[in-house]
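Working notes, structure below.
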Amino acid sequence: MTRFPDTRVSIVEALAADDPDRRRRALDLLVSAYRAPVLDALRWRWNLDEPDAEDLTQAFFATALEKDWLARFDPSRARFRTFLRLCAERFVANRMTAAGRLKRGGGRDVVPFDEGVLASLPGADDPTEARFRAEWVRSVFTLAVEALREEALRRGRPVHLALFEAYDLCGAGDGERPSYAALARSHGLTETQVLNHLAWARRRMRAHVLEVLRRLAGSEAEYRDDVRDLLGIEPS
Amino acid sequence: MSELPDGAVTRLAMALVTPDLPERYEPLEVIGRGGMGVVWRALDRRLDREVAVKVLAEHVDSEALALRLRREARILARLEHPGVVSVHDAGTLPDGRTWYAMRLVRGERLDAAARRFTSLGEALRVVMRVAETVAFAHAAGVLHRDLTPRNVMLGPFGEVLILDWGVARDTGAADRPADPGEARPHGRGGPPAVGAPRGAVTEHGTVLGTPGYMAPEQARGLPADERSDVHGLGAILDDLLEALGRPVPKPLARVRDRARAPDPADRYRGAQAFLDDLVRFQDGDPVSAYREGPLDVALRLGRQHRTPILLVLAYLVMRLVLLWWRGI
C-alpha cells in the first residue's frame, strides 16, 4: 500500500489504523461520502427500489468492513471510488446469484469476492462511472458545506454563510438566484461587501473541499487528480 | 446532513474554480493561460456581451507581476487603435488579485494561420498591419517587447490584432517603477534567454521576450528601445516568408535582414521606417535597405510597367513580321 508523503494517510490506511477513534472517524467519513453514491449506483444498475437498495447498501458496507475487502485496494490499478463501486456491484451480483440458486433449490455456493472485481476497469466515459463520480462530487460538496457551516457559525460569520447559501446554494434556475443588489438590500450591506463576504465563503469552501478530498483519497496521485478535477488548481 | 440539490452542485462546481469577479461578469470558461495570468471568456451581464477577463494567476505571489498586469491594462486602455484589444474595465478581486476585462478576440493566432498563406501579398499585408500598430504604439511611447507570431491574432474579417502586452513598457511614464532587474545585464557572457519560458521574468536581470524573436540586446538584459520591436517585426516577417517556402525577392530579403540586424544601430530606427520600406517594396519602388544595380532597376521597372512594355514589344514584333513578309 502506498503511503502519502508528509502526514497524508489514505482512507484505506485510516480504516485499518490501530487507534479505534481514528478508525471510527475514517469509517464515518467513508459512509458519509459513499453511502449516497453507492445507493444511487445500485438503484440505477439493478433497477432496485429504494428500500431494497438501502438494505443492500447497508449490507455492503457492513460486509466490506467485516471481511476487510477495502484492504485489497491497490492504488496503482484504480481510483478508490471506482474500486468501491465495483466491490458494491460485485457484492450485489453475488447476492442476486445466491438468491436465484436458493429459489431453484440450489446450495449456497456463492461466487466469492476476489480479484475479478478489478478485471474490467471502466473508462472515464463509462456512464456508470460518470454517474458515480457525479454523486461522489455531490457528497464531497455536501461534506464541505457542512464543514463551512460549522466554521462560519463558530467564527461568528452567519451573514457570510447566509449570503453563500442564498447565492451559491440556491436552486438551479437562473431566475431563482438573487442579485448582489438584492442580497445587499436584504442584509443591509453594500454590493462590494456582498462580493467580499461571498469571496470569503468560497475561499473557505475551497479549503474544506481540499480537506475532504485529502481525507477521502486512496493515494497521493488520486488526491492530486481530484484537486485538479474539482478545483482546477495544482495541489501544493 | 441533507444532500445538495443538482443546481447547487453545478453552481458550486463553477464557483470553486472561477475568480470572484464583480457580479457584472460571469466567468464561463478558461480560454488562455500564461505565466502571469489566466484569461476567461466571460459574460458581461450589464451589456449582454461576451468579454475576455484576464486575472492574475492564483499561484502568482509577486507584486512585480501584479504591477505588470495593472500596467498592461493601463497601456491597452491608452492605445486606442484597431490593432490593439480595447480594455473595458479593471479592478482587484477580494483576494487581492488584479483583473481587467477586454474585448473578446475571436480568430486564429498568426503562427497557426501562416501555414495557410499562399501569396507574398497576403503575408505582407499582415506584417504591414502589425507594423502599423507597433508604429502607433511607438508614437504613444509604448514598446511591446514580445512581438512574435503567437502574439498576433487574425480575426475572421481580416482584423490583425497584437496581443499580450504584458511585458510592454511605457517609455513616457516618469513615475514608472522599473521592472525588477530591468536594464541590469546578465553577467558578461552569461546565458541569455535561451531555454527561458516565454516572457520570462528572472529575479535578477529581467529577460523579457521570447527566445528566437527577442532582440539580442533584450536577451542580454540590456534596455530595449523601438529598434528592439523592429527586430521582432523582422522575425515575424522572416517566419511568414519561410512558411511560404518560395524564393524571397532580394529587396524584401534586405528589408528583413535590416530589421533583424544583430546591432540595433544597423536596424530601422522604428516601426514606421520598417513599414515605409515594406510599402515601397509593395508599390514597386526602391527600398532604403537595398542599393539597386542597373539590372535590378531594369527588372524592377519591367515588373512595375509590365503592361506598356508588353504592348510595345508586341507592336515591335508585329512590325518586324510585317517587314519580313513584305520583303519576301
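Residues in the C-alpha cells are numbered from 1 in each chain, the chains being A, B, ... in the order shown, and ligands are numbered from 1 in the order shown.
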With a distance threshold of 7 Å and counting only C-alpha atoms, extract the residues of chain A near chain B and express them as a VMD selection string.
chain A and resid 138 142 168 to 172 180 195 to 196 199 202 206 230 to 232
Take the residues that were just selected and, keeping N, CA and C atoms, output them as a JSON list (two decimals), in the first residue's frame.
[["chain", "number", "residue", "atom", "x", "y", "z"],
["A", 138, "ARG", "N", -21.18, 15.31, -5.38],
["A", 138, "ARG", "CA", -22.25, 15.85, -4.53],
["A", 138, "ARG", "C", -21.92, 15.58, -3.05],
["A", 142, "THR", "N", -21.24, 18.27, -0.22],
["A", 142, "THR", "CA", -22.13, 18.27, 0.95],
["A", 142, "THR", "C", -21.30, 18.27, 2.24],
["A", 168, "ASP", "N", -24.88, 30.80, -3.79],
["A", 168, "ASP", "CA", -24.22, 29.65, -4.42],
["A", 168, "ASP", "C", -24.93, 28.32, -4.19],
["A", 169, "LEU", "N", -25.82, 28.28, -3.20],
["A", 169, "LEU", "CA", -26.51, 27.01, -2.93],
["A", 169, "LEU", "C", -27.99, 27.07, -3.29],
["A", 170, "CYS", "N", -28.38, 28.14, -4.01],
["A", 170, "CYS", "CA", -29.80, 28.25, -4.33],
["A", 170, "CYS", "C", -30.16, 27.30, -5.46],
["A", 171, "GLY", "N", -31.43, 27.34, -5.88],
["A", 171, "GLY", "CA", -31.92, 26.40, -6.89],
["A", 171, "GLY", "C", -31.21, 26.51, -8.22],
["A", 172, "ALA", "N", -31.60, 25.65, -9.12],
["A", 172, "ALA", "CA", -30.87, 25.51, -10.38],
["A", 172, "ALA", "C", -31.13, 26.65, -11.36],
["A", 180, "TYR", "N", -26.70, 40.54, -6.45],
["A", 180, "TYR", "CA", -25.90, 41.11, -5.36],
["A", 180, "TYR", "C", -26.66, 42.29, -4.73],
["A", 195, "LEU", "N", -19.85, 40.94, -2.28],
["A", 195, "LEU", "CA", -18.80, 40.27, -3.05],
["A", 195, "LEU", "C", -17.70, 39.76, -2.11],
["A", 196, "ASN", "N", -17.29, 40.61, -1.18],
["A", 196, "ASN", "CA", -16.20, 40.21, -0.28],
["A", 196, "ASN", "C", -16.63, 39.07, 0.65],
["A", 199, "ALA", "N", -16.72, 35.97, -1.36],
["A", 199, "ALA", "CA", -15.35, 35.52, -1.66],
["A", 199, "ALA", "C", -14.76, 34.80, -0.45],
["A", 202, "ARG", "N", -16.39, 31.35, -0.29],
["A", 202, "ARG", "CA", -15.88, 30.45, -1.35],
["A", 202, "ARG", "C", -14.45, 30.02, -1.06],
["A", 206, "ARG", "N", -13.38, 26.23, -0.63],
["A", 206, "ARG", "CA", -12.30, 25.55, -1.36],
["A", 206, "ARG", "C", -11.40, 24.82, -0.37],
["A", 230, "LEU", "N", -11.68, 18.97, -9.47],
["A", 230, "LEU", "CA", -12.75, 19.75, -8.83],
["A", 230, "LEU", "C", -12.42, 21.21, -8.65],
["A", 231, "LEU", "N", -11.16, 21.53, -8.42],
["A", 231, "LEU", "CA", -10.82, 22.92, -8.13],
["A", 231, "LEU", "C", -10.01, 23.58, -9.23],
["A", 232, "GLY", "N", -9.59, 22.81, -10.20],
["A", 232, "GLY", "CA", -8.85, 23.39, -11.33],
["A", 232, "GLY", "C", -7.52, 23.98, -10.93]]
7 Å contact set for B:Gly107, only C-alpha atoms, chain neighbours under 3 positions out, as a list of chain:residue names:
B:Met153, B:Leu154, B:Gly155, B:Pro156
Which neighbours of stretch 127-129 of chain B fall inside 10 Å, counting only C-alpha atoms, when residues of the same chain fewer than 5 positions from it are skipped, and could you give them as a ChimeraX atom specification?
/B:82-83,121-122,134-135,149,152,159-162,233-234,236-237,240,271-272,274-279
Between atom CA of A:Gly218 and atom CA of A:Glu89, what is the distance, to one decimal in Å?
19.1 Å
Expected answer as a PDB file with C-alpha atoms, in the first residue's frame: helix (DSSP H, G or I) residues in stretch 18-103 of chain B:
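Contents of part-v5.pdb, freshly written:
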ATOM      1  CA  GLU B  63       3.981  42.249  -6.527  1.00  0.00           C
ATOM      2  CA  ALA B  64       6.107  42.834  -9.636  1.00  0.00           C
ATOM      3  CA  LEU B  65       3.800  40.670 -11.764  1.00  0.00           C
ATOM      4  CA  ALA B  66       0.684  42.228 -10.281  1.00  0.00           C
ATOM      5  CA  LEU B  67       2.139  45.601 -11.160  1.00  0.00           C
ATOM      6  CA  ARG B  68       2.857  44.363 -14.663  1.00  0.00           C
ATOM      7  CA  LEU B  69      -0.747  43.243 -15.165  1.00  0.00           C
ATOM      8  CA  ARG B  70      -2.026  46.632 -13.981  1.00  0.00           C
ATOM      9  CA  ARG B  71       0.437  48.340 -16.299  1.00  0.00           C
ATOM     10  CA  GLU B  72      -0.692  46.146 -19.190  1.00  0.00           C
ATOM     11  CA  ALA B  73      -4.309  47.200 -18.573  1.00  0.00           C
ATOM     12  CA  ARG B  74      -3.345  50.866 -18.478  1.00  0.00           C
ATOM     13  CA  ILE B  75      -1.281  50.590 -21.653  1.00  0.00           C
ATOM     14  CA  LEU B  76      -4.048  48.779 -23.511  1.00  0.00           C
ATOM     15  CA  ALA B  77      -6.563  51.364 -22.355  1.00  0.00           C
ATOM     16  CA  ARG B  78      -4.338  54.125 -23.672  1.00  0.00           C
TER      17      ARG B  78
END
Please determine, counting only C-alpha atoms, which residue among A:Ala182, A:Val194, A:Ala16, A:Val212 has the shortest atom-to-atom distance to A:Leu163.
A:Val194
